[in-house]
Amino acid sequence: MSIVAVAVSPSWYLILSGVLFSIGVLGLLVRRNPLVMFMCVELMLNAVNLTFVTFAREFGHLGGQAAVLFVLTVAAAEVVVGLAILVSVLRLRPGATADDISSLKG
Amino acid sequence: MIFALAESIIEPLAEFSRPAIDWHALSPELTLLGVGVLVTVLDILYKERGKQIMLVITGLGFLAALIPIITLAVDGVASEPRILFNGAYVVDGFSLILKAMFLIAGYVVVLLSSQYVADGDYWENEYYGLLSASLLGMLVMTSARDLITIFVALELLSIPIYMLATWNKRNPKGNEAGIKYYLTGVFASGIMLYGMSLIFGASGSTILKDIFSSPDFLRSESSAFVVLGIVFSLSAFAFKVSGFPFHTWAPDTYEGAPTPVTAFLSVASKAAGFVALMQLIVVGFYGREDVYAPLMWFLAAASMTGGNIIALRQKNIVRLMAYSGVAQAGFMLAPLAVVGVSTTSADQGISSIIAYLVIYTAMNLGVFGIILVVARRTRSGDVKSYNGLFSVAPTMAVLMTIFLMSLAGVPPLGGWYAKFSIFRALISANTVSGYVLAGVAAVNTVIALGYYGRLAARMWFEKPAEELEIVGGASEIGSSENAEVENGSDVSVENAYEKQIVGVKQTIKAPFSLGIALGITLIATLLFGIVPGTLTHFTTVSLF
């Protein structure tokens with residue numbers, strides 16, 4: 001009973017989005033599978049959306065909600081391009097991880 | 001019943017009146033959009049047969065988009081800015097000079113691409129469509145005075161370049177260039193967006209002018225949000241301009257991408273990053289110099305020093321230019337560290353950065369033009385291929401020397417004036433940090449002369465290299481060694497990598513379009529150095 005009674009304040013959402021964003025950043029830096037790295041980018045962008053929506057609701061300001069629509073659309077376009085690049089990479093090097101893609105250096 | 005339903009939907013809409021749109025102010029973007037759509041549609045209609053006209057249409061289209069910029073300038077936009085969409089989009093003197101610069105740079109890149117894309121076995125029509133889309137993003141960026149608009153402009157200019165960088169898709173290096181650029185790019189935009197969402201939270205608006213005047217933004221209670229927000233959103237553009245700790249993608253992407261795309265990346269994409277930085281700092285975050293000034297100071301000093309020191313030991317011409325670009329970005333970042341001192345120093349800092357951007361664009365595109373001409377013959381990116389260039393191709397050697405000396409900042413060339421205006425902006429701010437940064441910049445000017453001078457000396461004093469190790473087709477200019485697939489998979493790339501040994505003692509002649517590109521860049525480099533007034537007349541703008 002008492003669990004339900006606790007009011008969910010905006011700061012909860014901000015903390016959640018901060019945690020999601022950190023998981024995304026850490027995952028992108030730590031994981032070596034390119035596909036998982038893409039997923040971590042999506043996690044980062046969705047954390048951003050959550051922050052925008054939370055603030056938009058708090059201020060009663062539509063700008064934040066408009067931002068979410070733009071972020072969603074652009075993220076979709078971005079992922080399409082990213083997957084196309086990934087497919088062309090994996091055609092030449094099947095099963096490559098981020099560490100294998102390192103012929104350019106110096 | 002259906003009518004009633006339809007009316008119930010339409011009725012609330014009928015009260016909505018469209019805000020007035022200033023079509024004249026938007027006409028450069030609309031022209032460019034038309035060019036991009038036209039190229040894409042013609043590509044579908046004509047396929048192979050359209051190859052020859054695509055280049056012409058794109059080039060002329062970029063020049064046509066300059067016409068509305070001239071009419072806007074004649075209309076007096078510089079003195080009374082056109083403010084659109086509630087202040088989210090502003091056409092003023094600042095945006096006009098930068099739009100003109102982006103369009104001319106785009107035109108020169110089209111000229112540089114003409115031979116290259118036709119020589120390689122690529123479907124070239126999409127190439128020009130993507131180039132137009134990216135250029136449109138840059139034009140939007142110059143007018144974007146709103147966080148969401150800046151984000152959309154950034155993605156519009158970046159996403160086509162991710163594809164252009166991966167253009168050599170059958171080549172492992174081309175792929176690698178693309179995926180490295182893509183991953184760092186999306187990582188940076190994720191960081192930037194999080195920063196922007198925090199700034200929105202601290203100020204309650206996405207429009208830069210409102211952020212600046214928001215009392216919450218300056219209050220110290222909201223400082224954790226504000227500090228994180230500013231640092232995150234500015235660091236993302238440090239990726240874009242390849243500032244020092246964030247430069248790691250640049251050399252690899254420059255090497256693996258097609259050389260005309262590298263030229264585009266190294267000038268236009270970098271300039272777009274600076275445009276965003278200037279707008280964010282001077283319009284949006286101006287009251288918080290306690291946060292951005294130390295960040296910019298560190299980035300500028302680290303980029304100049306780090307870029308120059310790593311450039312000293314580069315063996316590949318494209319990688320050398322990549323690190324040279326990091327160092328040059330450091331110079332352009334420097335005035336941003338002192339813009340917060342007063343509005344006068346902000347105006348002066350902005351003007352000096354724009355002047356530097358214009359001159360840097362001219363001289364860097366010139367260097368890449370020569371790299372393309374030389375690589376057409378030698379098929380190599382090794383700096384050794386420039387040995388004795390004077391005895392083989394005197395004109396090319398003279399032009400390359402002019403561009404390199406301009407990059408190093410030797411008077412009376414354009415690069416000299418660019419560096420001079422940066423020093424002037426730093427010193428006239430009259431603060432300790434400004435003087436120290438000017439000192440760092442002075443030391444770095446001398447270090448830079450080391451590698452530019454050494455490359456110039458190769459062309460004049462050394463004997464031509466008898467043999468050069470070279471690689472496959474025209475797509476391989478960026479790499480000096482034979483590529484190998486490292487994970488041992490049986491990939492059929494052997495055709496592309498047969499080794500050939502070719503002397504460089506053959507005459508090197510620039511194709512017609514490359515000749516025009518070199519002419520434009522040479523005139524700009526010389527004119528802006530000898531008569532800086534021709535440039536400063538346009539770059540004296542204010543963002544306030």
# chains A, B, ... in the order shown; residues from 1 in each chain; ligands from 1
>>> residues_around(residues="region 5-22 of chain A", least_positions_apart="5", cutoff="12 Å", atoms="only C-alpha atoms", output="MDAnalysis selection string")
(chainID A and resid 27:30 39:59) or (chainID B and resid 187 190:195 197:198 201 225 228)
>>> residues_around(residues="Ala334 (chain B)", least_positions_apart="4", cutoff="7 Å", atoms="only C-alpha atoms", output="NGL selection string")
:B and (296-297 or 300 or 330)
>>> select_by_dssp(residues="chain A", states="alpha helix (DSSP H)", output="compact mmCIF listing (two decimals) with N, CA, C and O atoms, in the first residue's frame")
# COMPACT_ATOMS: atom_id res chain seq x y z
N SER A 2 1.79 1.28 0.94
CA SER A 2 2.59 2.49 1.07
C SER A 2 3.44 2.75 -0.19
O SER A 2 3.76 3.89 -0.50
N ILE A 3 3.78 1.69 -0.92
CA ILE A 3 4.58 1.88 -2.13
C ILE A 3 3.81 2.69 -3.17
O ILE A 3 4.34 3.58 -3.82
N VAL A 4 2.52 2.36 -3.29
CA VAL A 4 1.69 3.05 -4.28
C VAL A 4 1.51 4.52 -3.91
O VAL A 4 1.44 5.38 -4.77
N ALA A 5 1.49 4.76 -2.60
CA ALA A 5 1.18 6.11 -2.14
C ALA A 5 2.30 7.11 -2.42
O ALA A 5 2.06 8.31 -2.43
N PRO A 10 9.04 14.74 -10.67
CA PRO A 10 9.81 14.83 -11.92
C PRO A 10 11.26 14.39 -11.76
O PRO A 10 11.85 13.86 -12.69
N SER A 11 11.81 14.61 -10.56
CA SER A 11 13.23 14.28 -10.41
C SER A 11 13.48 12.79 -10.61
O SER A 11 14.57 12.39 -11.01
N TRP A 12 12.45 11.96 -10.36
CA TRP A 12 12.62 10.53 -10.60
C TRP A 12 12.92 10.27 -12.07
O TRP A 12 13.79 9.49 -12.41
N TYR A 13 12.16 10.96 -12.92
CA TYR A 13 12.38 10.76 -14.36
C TYR A 13 13.75 11.25 -14.78
O TYR A 13 14.41 10.65 -15.63
N LEU A 14 14.17 12.36 -14.17
CA LEU A 14 15.49 12.89 -14.53
C LEU A 14 16.58 11.92 -14.11
O LEU A 14 17.55 11.70 -14.83
N ILE A 15 16.41 11.33 -12.91
CA ILE A 15 17.41 10.35 -12.45
C ILE A 15 17.42 9.14 -13.38
O ILE A 15 18.48 8.67 -13.81
N LEU A 16 16.22 8.67 -13.74
CA LEU A 16 16.13 7.53 -14.65
C LEU A 16 16.82 7.84 -15.97
O LEU A 16 17.60 7.02 -16.49
N SER A 17 16.57 9.05 -16.51
CA SER A 17 17.17 9.36 -17.80
C SER A 17 18.68 9.50 -17.66
O SER A 17 19.43 9.10 -18.55
N GLY A 18 19.14 10.03 -16.53
CA GLY A 18 20.58 10.10 -16.30
C GLY A 18 21.20 8.72 -16.27
O GLY A 18 22.26 8.48 -16.86
N VAL A 19 20.52 7.78 -15.61
CA VAL A 19 21.04 6.41 -15.53
C VAL A 19 21.06 5.77 -16.92
O VAL A 19 22.06 5.17 -17.34
N LEU A 20 19.96 5.94 -17.68
CA LEU A 20 19.90 5.39 -19.04
C LEU A 20 21.03 5.94 -19.90
O LEU A 20 21.69 5.21 -20.64
N PHE A 21 21.21 7.27 -19.79
CA PHE A 21 22.24 7.91 -20.60
C PHE A 21 23.62 7.35 -20.24
O PHE A 21 24.42 7.03 -21.13
N SER A 22 23.88 7.18 -18.94
CA SER A 22 25.19 6.66 -18.53
C SER A 22 25.39 5.23 -19.03
O SER A 22 26.49 4.87 -19.47
N ILE A 23 24.31 4.43 -18.98
CA ILE A 23 24.43 3.06 -19.49
C ILE A 23 24.78 3.10 -20.98
O ILE A 23 25.65 2.36 -21.46
N GLY A 24 24.11 4.00 -21.71
CA GLY A 24 24.39 4.13 -23.13
C GLY A 24 25.83 4.52 -23.40
O GLY A 24 26.51 3.90 -24.23
N VAL A 25 26.32 5.53 -22.69
CA VAL A 25 27.70 5.99 -22.92
C VAL A 25 28.69 4.89 -22.57
O VAL A 25 29.60 4.57 -23.35
N LEU A 26 28.48 4.27 -21.39
CA LEU A 26 29.40 3.20 -20.98
C LEU A 26 29.39 2.06 -21.98
O LEU A 26 30.44 1.54 -22.38
N GLY A 27 28.17 1.70 -22.42
CA GLY A 27 28.06 0.59 -23.37
C GLY A 27 28.78 0.89 -24.66
O GLY A 27 29.49 0.05 -25.20
N LEU A 28 28.63 2.12 -25.15
CA LEU A 28 29.28 2.49 -26.40
C LEU A 28 30.79 2.42 -26.27
O LEU A 28 31.50 2.02 -27.19
N LEU A 29 31.29 2.79 -25.08
CA LEU A 29 32.74 2.80 -24.90
C LEU A 29 33.29 1.40 -24.62
O LEU A 29 34.43 1.10 -24.95
N VAL A 30 32.47 0.53 -23.98
CA VAL A 30 33.00 -0.75 -23.51
C VAL A 30 32.72 -1.88 -24.50
O VAL A 30 33.60 -2.68 -24.79
N PRO A 34 29.64 -4.00 -33.04
CA PRO A 34 29.11 -2.76 -33.61
C PRO A 34 27.60 -2.64 -33.47
O PRO A 34 27.08 -1.53 -33.23
N LEU A 35 26.89 -3.75 -33.55
CA LEU A 35 25.43 -3.69 -33.46
C LEU A 35 25.00 -3.26 -32.05
O LEU A 35 24.08 -2.45 -31.88
N VAL A 36 25.69 -3.81 -31.04
CA VAL A 36 25.37 -3.42 -29.65
C VAL A 36 25.72 -1.96 -29.43
O VAL A 36 25.03 -1.24 -28.71
N MET A 37 26.78 -1.51 -30.11
CA MET A 37 27.15 -0.09 -29.97
C MET A 37 26.04 0.80 -30.52
O MET A 37 25.73 1.85 -29.94
N PHE A 38 25.42 0.37 -31.63
CA PHE A 38 24.28 1.13 -32.17
C PHE A 38 23.15 1.19 -31.15
O PHE A 38 22.52 2.23 -30.96
N MET A 39 22.90 0.03 -30.50
CA MET A 39 21.80 0.00 -29.53
C MET A 39 22.08 0.96 -28.38
O MET A 39 21.17 1.61 -27.85
N CYS A 40 23.36 1.07 -28.00
CA CYS A 40 23.70 1.98 -26.91
C CYS A 40 23.45 3.43 -27.32
O CYS A 40 23.03 4.25 -26.49
N VAL A 41 23.70 3.74 -28.60
CA VAL A 41 23.41 5.10 -29.07
C VAL A 41 21.92 5.38 -28.93
O VAL A 41 21.50 6.46 -28.48
N GLU A 42 21.09 4.38 -29.30
CA GLU A 42 19.64 4.56 -29.17
C GLU A 42 19.25 4.81 -27.72
O GLU A 42 18.37 5.62 -27.43
N LEU A 43 19.92 4.11 -26.82
CA LEU A 43 19.63 4.29 -25.39
C LEU A 43 19.93 5.72 -24.97
O LEU A 43 19.15 6.35 -24.24
N MET A 44 21.06 6.25 -25.46
CA MET A 44 21.41 7.64 -25.15
C MET A 44 20.33 8.59 -25.64
O MET A 44 19.91 9.51 -24.93
N LEU A 45 19.89 8.37 -26.90
CA LEU A 45 18.92 9.29 -27.48
C LEU A 45 17.59 9.21 -26.75
O LEU A 45 16.90 10.23 -26.55
N ASN A 46 17.20 8.02 -26.31
CA ASN A 46 15.95 7.90 -25.59
C ASN A 46 16.01 8.52 -24.21
O ASN A 46 15.02 9.05 -23.71
N ALA A 47 17.19 8.47 -23.59
CA ALA A 47 17.36 9.17 -22.32
C ALA A 47 17.15 10.66 -22.53
O ALA A 47 16.50 11.33 -21.71
N VAL A 48 17.66 11.17 -23.65
CA VAL A 48 17.46 12.59 -23.98
C VAL A 48 15.97 12.89 -24.11
O VAL A 48 15.48 13.89 -23.57
N ASN A 49 15.24 12.02 -24.81
CA ASN A 49 13.80 12.24 -24.99
C ASN A 49 13.09 12.32 -23.66
O ASN A 49 12.23 13.17 -23.46
N LEU A 50 13.47 11.42 -22.75
CA LEU A 50 12.82 11.40 -21.44
C LEU A 50 13.06 12.71 -20.71
O LEU A 50 12.13 13.28 -20.10
N THR A 51 14.29 13.22 -20.78
CA THR A 51 14.59 14.50 -20.13
C THR A 51 13.76 15.63 -20.73
O THR A 51 13.18 16.44 -20.00
N PHE A 52 13.72 15.67 -22.07
CA PHE A 52 12.95 16.73 -22.73
C PHE A 52 11.48 16.69 -22.31
O PHE A 52 10.88 17.71 -21.98
N VAL A 53 10.90 15.49 -22.30
CA VAL A 53 9.48 15.38 -21.98
C VAL A 53 9.23 15.79 -20.53
O VAL A 53 8.27 16.49 -20.22
N THR A 54 10.13 15.37 -19.64
CA THR A 54 9.95 15.71 -18.23
C THR A 54 9.94 17.22 -18.03
O THR A 54 9.06 17.78 -17.38
N PHE A 55 10.94 17.89 -18.63
CA PHE A 55 11.00 19.35 -18.47
C PHE A 55 9.82 20.02 -19.16
O PHE A 55 9.27 21.00 -18.65
N ALA A 56 9.43 19.50 -20.33
CA ALA A 56 8.31 20.10 -21.06
C ALA A 56 7.06 20.05 -20.20
O ALA A 56 6.29 21.00 -20.13
N ARG A 57 6.84 18.93 -19.51
CA ARG A 57 5.67 18.78 -18.67
C ARG A 57 5.74 19.72 -17.47
O ARG A 57 4.76 20.33 -17.08
N GLU A 58 6.94 19.86 -16.95
CA GLU A 58 7.10 20.70 -15.77
C GLU A 58 6.86 22.17 -16.10
O GLU A 58 6.21 22.89 -15.35
N PHE A 59 7.38 22.62 -17.25
CA PHE A 59 7.23 24.02 -17.63
C PHE A 59 5.90 24.27 -18.33
O PHE A 59 5.54 25.43 -18.56
N LEU A 62 5.73 23.64 -24.94
CA LEU A 62 5.66 22.63 -26.00
C LEU A 62 7.01 22.39 -26.68
O LEU A 62 7.19 21.40 -27.37
N GLY A 63 7.95 23.32 -26.49
CA GLY A 63 9.25 23.17 -27.17
C GLY A 63 9.91 21.84 -26.91
O GLY A 63 10.47 21.22 -27.80
N GLY A 64 9.81 21.37 -25.65
CA GLY A 64 10.46 20.12 -25.30
C GLY A 64 9.83 18.94 -26.01
O GLY A 64 10.51 18.03 -26.46
N GLN A 65 8.49 18.98 -26.14
CA GLN A 65 7.82 17.87 -26.82
C GLN A 65 8.11 17.88 -28.31
O GLN A 65 8.28 16.83 -28.93
N ALA A 66 8.21 19.10 -28.88
CA ALA A 66 8.58 19.19 -30.30
C ALA A 66 9.97 18.61 -30.50
O ALA A 66 10.21 17.88 -31.47
N ALA A 67 10.87 18.90 -29.56
CA ALA A 67 12.24 18.39 -29.68
C ALA A 67 12.24 16.87 -29.75
O ALA A 67 12.98 16.28 -30.53
N VAL A 68 11.36 16.23 -28.93
CA VAL A 68 11.34 14.76 -28.92
C VAL A 68 10.97 14.22 -30.29
O VAL A 68 11.59 13.27 -30.78
N LEU A 69 9.98 14.87 -30.96
CA LEU A 69 9.58 14.39 -32.28
C LEU A 69 10.75 14.47 -33.26
O LEU A 69 11.00 13.56 -34.04
N PHE A 70 11.48 15.59 -33.19
CA PHE A 70 12.63 15.74 -34.09
C PHE A 70 13.70 14.70 -33.78
O PHE A 70 14.28 14.10 -34.68
N VAL A 71 13.97 14.48 -32.49
CA VAL A 71 15.01 13.52 -32.12
C VAL A 71 14.63 12.13 -32.63
O VAL A 71 15.47 11.41 -33.20
N LEU A 72 13.36 11.75 -32.45
CA LEU A 72 12.92 10.42 -32.90
C LEU A 72 13.11 10.26 -34.40
O LEU A 72 13.66 9.27 -34.87
N THR A 73 12.68 11.28 -35.17
CA THR A 73 12.76 11.19 -36.63
C THR A 73 14.20 11.11 -37.09
O THR A 73 14.57 10.26 -37.91
N VAL A 74 15.02 12.03 -36.55
CA VAL A 74 16.41 12.06 -36.99
C VAL A 74 17.12 10.77 -36.58
O VAL A 74 17.92 10.23 -37.35
N ALA A 75 16.81 10.26 -35.38
CA ALA A 75 17.47 9.03 -34.94
C ALA A 75 17.15 7.89 -35.88
O ALA A 75 18.02 7.06 -36.20
N ALA A 76 15.91 7.85 -36.40
CA ALA A 76 15.56 6.79 -37.34
C ALA A 76 16.41 6.90 -38.60
O ALA A 76 16.97 5.91 -39.08
N ALA A 77 16.53 8.14 -39.13
CA ALA A 77 17.33 8.33 -40.34
C ALA A 77 18.78 7.93 -40.08
O ALA A 77 19.43 7.29 -40.92
N GLU A 78 19.25 8.29 -38.90
CA GLU A 78 20.65 8.03 -38.56
C GLU A 78 20.92 6.52 -38.50
O GLU A 78 21.93 6.04 -39.00
N VAL A 79 19.98 5.80 -37.90
CA VAL A 79 20.19 4.36 -37.75
C VAL A 79 20.14 3.66 -39.11
O VAL A 79 20.91 2.73 -39.36
N VAL A 80 19.27 4.15 -40.02
CA VAL A 80 19.22 3.55 -41.35
C VAL A 80 20.59 3.64 -42.02
O VAL A 80 21.12 2.66 -42.54
N VAL A 81 21.17 4.84 -41.96
CA VAL A 81 22.48 5.03 -42.57
C VAL A 81 23.53 4.17 -41.87
O VAL A 81 24.36 3.51 -42.50
N GLY A 82 23.46 4.14 -40.53
CA GLY A 82 24.44 3.37 -39.77
C GLY A 82 24.39 1.90 -40.10
O GLY A 82 25.42 1.25 -40.29
N LEU A 83 23.17 1.35 -40.19
CA LEU A 83 23.05 -0.08 -40.50
C LEU A 83 23.55 -0.36 -41.91
O LEU A 83 24.18 -1.39 -42.15
N ALA A 84 23.30 0.57 -42.85
CA ALA A 84 23.81 0.36 -44.21
C ALA A 84 25.33 0.30 -44.21
O ALA A 84 25.94 -0.56 -44.85
N ILE A 85 25.95 1.21 -43.45
CA ILE A 85 27.42 1.20 -43.38
C ILE A 85 27.88 -0.10 -42.73
O ILE A 85 28.83 -0.75 -43.20
N LEU A 86 27.17 -0.52 -41.68
CA LEU A 86 27.57 -1.74 -40.97
C LEU A 86 27.46 -2.96 -41.89
O LEU A 86 28.35 -3.82 -41.90
N VAL A 87 26.40 -3.01 -42.69
CA VAL A 87 26.25 -4.14 -43.61
C VAL A 87 27.42 -4.18 -44.59
O VAL A 87 28.00 -5.23 -44.85
N SER A 88 27.81 -3.00 -45.10
CA SER A 88 28.91 -3.02 -46.07
C SER A 88 30.23 -3.37 -45.40
O SER A 88 31.11 -3.96 -46.01
N VAL A 89 30.37 -3.03 -44.12
CA VAL A 89 31.59 -3.45 -43.40
C VAL A 89 31.59 -4.96 -43.20
O VAL A 89 32.59 -5.64 -43.47
N LEU A 90 30.44 -5.50 -42.76
CA LEU A 90 30.40 -6.93 -42.44
C LEU A 90 30.47 -7.79 -43.71
O LEU A 90 30.83 -8.96 -43.63
N ARG A 91 30.13 -7.22 -44.87
CA ARG A 91 30.30 -7.97 -46.11
C ARG A 91 31.76 -8.27 -46.37
O ARG A 91 32.12 -9.35 -46.82
N LEU A 92 32.61 -7.29 -46.09
CA LEU A 92 34.04 -7.49 -46.34
C LEU A 92 34.71 -8.23 -45.20
O LEU A 92 35.68 -8.94 -45.41
>>> residues_around(residues="Ile353 (chain B)", least_positions_apart="4", cutoff="9 Å", atoms="only C-alpha atoms", output="PyMOL selection string")
chain B and resi 274+278+331-336+348-349+357-358+418+421-422+539
>>> closest_residue(among="B:Leu514, B:Ala250, B:Ala224, B:Val37", to="Leu111 (chain B)", atoms="only C-alpha atoms")
B:Leu514
>>> residues_around(residues="Gly137 (chain B)", least_positions_apart="3", cutoff="7 Å", atoms="only C-alpha atoms", output="tab-separated table (two decimals) with N, CA, C and O atoms, in the first residue's frame")
chain	number	residue	atom	x	y	z
B	133	ALA	N	22.54	17.87	-50.22
B	133	ALA	CA	21.84	17.76	-48.95
B	133	ALA	C	22.72	18.24	-47.81
B	133	ALA	O	22.28	18.99	-46.92
B	134	SER	N	23.98	17.83	-47.83
B	134	SER	CA	24.89	18.23	-46.77
B	134	SER	C	25.10	19.74	-46.77
B	134	SER	O	25.11	20.39	-45.71
B	140	VAL	N	21.51	25.96	-43.41
B	140	VAL	CA	20.55	26.09	-42.32
B	140	VAL	C	21.28	26.42	-41.02
B	140	VAL	O	20.84	27.24	-40.22
B	141	MET	N	22.45	25.78	-40.83
B	141	MET	CA	23.20	25.99	-39.60
B	141	MET	C	23.58	27.45	-39.40
B	141	MET	O	23.56	27.96	-38.27
B	153	ALA	N	19.99	20.90	-38.23
B	153	ALA	CA	20.98	21.30	-39.22
B	153	ALA	C	22.22	20.41	-39.11
B	153	ALA	O	22.77	19.96	-40.13
B	154	LEU	N	22.64	20.13	-37.87
B	154	LEU	CA	23.83	19.30	-37.68
B	154	LEU	C	23.63	17.92	-38.28
B	154	LEU	O	24.52	17.39	-38.97
B	156	LEU	N	21.43	17.10	-40.62
B	156	LEU	CA	21.26	17.20	-42.07
B	156	LEU	C	22.60	17.32	-42.77
B	156	LEU	O	22.79	16.80	-43.87
B	157	LEU	N	23.55	17.96	-42.13
B	157	LEU	CA	24.85	18.07	-42.79
B	157	LEU	C	25.71	16.84	-42.53
B	157	LEU	O	26.58	16.52	-43.34
>>> closest_residue(among="B:Tyr182, B:Trp249, B:Phe512, B:Phe94", to="chain A", atoms="only C-alpha atoms")
B:Tyr182
>>> residues_around(residues="region 254-264 of chain B", least_positions_apart="5", cutoff="8 Å", atoms="only C-alpha atoms", output="CSV table (one decimal) with C-alpha atoms, in the first residue's frame")
chain,number,residue,atom,x,y,z
A,104,LEU,CA,43.9,2.8,-40.6
B,105,ALA,CA,33.3,25.9,-51.1
B,106,GLY,CA,30.7,23.4,-52.3
B,109,VAL,CA,34.4,20.6,-54.1
B,112,LEU,CA,37.4,18.7,-57.4
B,113,SER,CA,35.1,15.7,-57.6
B,116,TYR,CA,37.7,11.7,-59.3
B,161,ILE,CA,28.7,12.9,-45.1
B,164,LEU,CA,30.0,10.0,-48.7
B,165,ALA,CA,32.9,9.0,-46.4
B,166,THR,CA,31.9,5.3,-47.0
B,167,TRP,CA,31.9,5.9,-50.8
B,168,ASN,CA,34.6,3.3,-51.5
B,173,LYS,CA,39.6,1.2,-45.7
B,174,GLY,CA,36.7,3.1,-47.1
B,175,ASN,CA,34.3,1.1,-44.9
B,176,GLU,CA,36.4,1.7,-41.9
B,177,ALA,CA,36.6,5.4,-42.5
B,178,GLY,CA,32.8,5.5,-42.7
B,269,SER,CA,32.1,20.4,-42.2
B,318,VAL,CA,46.3,13.2,-46.2
B,319,ARG,CA,47.1,12.3,-42.5
B,322,ALA,CA,44.4,16.0,-41.0
B,364,ASN,CA,43.0,24.1,-47.7
B,365,LEU,CA,40.8,23.4,-50.8
B,368,PHE,CA,43.6,19.2,-51.7
B,372,LEU,CA,44.3,15.2,-56.3
B,475,SER,CA,40.2,5.6,-54.7
B,476,GLU,CA,43.4,4.8,-52.9
B,477,ILE,CA,45.1,8.2,-52.7
B,478,GLY,CA,44.7,8.3,-49.0
B,479,SER,CA,46.7,5.3,-48.2
>>> atom_distance(atom1="CA of Ser102 (chain A)", atom2="CA of Phe244 (chain B)")
20.3 Å
>>> decode(residues="region 334-338 of chain B", atoms="all heavy atoms", output="PDB file, in the first residue's frame")
ATOM      1  N   ALA B 334      40.615  29.710 -30.460  1.00  0.00           N
ATOM      2  CA  ALA B 334      41.230  30.595 -29.474  1.00  0.00           C
ATOM      3  C   ALA B 334      40.396  31.845 -29.164  1.00  0.00           C
ATOM      4  O   ALA B 334      40.183  32.153 -27.985  1.00  0.00           O
ATOM      5  CB  ALA B 334      42.642  30.969 -29.936  1.00  0.00           C
ATOM      6  N   PRO B 335      39.878  32.590 -30.164  1.00  0.00           N
ATOM      7  CA  PRO B 335      39.127  33.807 -29.799  1.00  0.00           C
ATOM      8  C   PRO B 335      37.884  33.501 -28.980  1.00  0.00           C
ATOM      9  O   PRO B 335      37.436  34.371 -28.224  1.00  0.00           O
ATOM     10  CB  PRO B 335      38.738  34.407 -31.152  1.00  0.00           C
ATOM     11  CG  PRO B 335      39.675  33.830 -32.114  1.00  0.00           C
ATOM     12  CD  PRO B 335      40.015  32.470 -31.619  1.00  0.00           C
ATOM     13  N   LEU B 336      37.335  32.274 -29.096  1.00  0.00           N
ATOM     14  CA  LEU B 336      36.131  31.958 -28.332  1.00  0.00           C
ATOM     15  C   LEU B 336      36.417  31.958 -26.830  1.00  0.00           C
ATOM     16  O   LEU B 336      35.501  32.073 -26.026  1.00  0.00           O
ATOM     17  CB  LEU B 336      35.568  30.602 -28.760  1.00  0.00           C
ATOM     18  CG  LEU B 336      34.945  30.570 -30.145  1.00  0.00           C
ATOM     19  CD1 LEU B 336      34.559  29.163 -30.530  1.00  0.00           C
ATOM     20  CD2 LEU B 336      33.726  31.464 -30.192  1.00  0.00           C
ATOM     21  N   ALA B 337      37.699  31.815 -26.448  1.00  0.00           N
ATOM     22  CA  ALA B 337      38.032  31.832 -25.029  1.00  0.00           C
ATOM     23  C   ALA B 337      37.957  33.236 -24.454  1.00  0.00           C
ATOM     24  O   ALA B 337      37.863  33.400 -23.243  1.00  0.00           O
ATOM     25  CB  ALA B 337      39.426  31.242 -24.814  1.00  0.00           C
ATOM     26  N   VAL B 338      38.015  34.264 -25.312  1.00  0.00           N
ATOM     27  CA  VAL B 338      38.020  35.636 -24.780  1.00  0.00           C
ATOM     28  C   VAL B 338      36.797  36.441 -25.206  1.00  0.00           C
ATOM     29  O   VAL B 338      36.707  37.623 -24.883  1.00  0.00           O
ATOM     30  CB  VAL B 338      39.302  36.401 -25.210  1.00  0.00           C
ATOM     31  CG1 VAL B 338      40.525  35.754 -24.612  1.00  0.00           C
ATOM     32  CG2 VAL B 338      39.414  36.503 -26.710  1.00  0.00           C
TER      33      VAL B 338
END
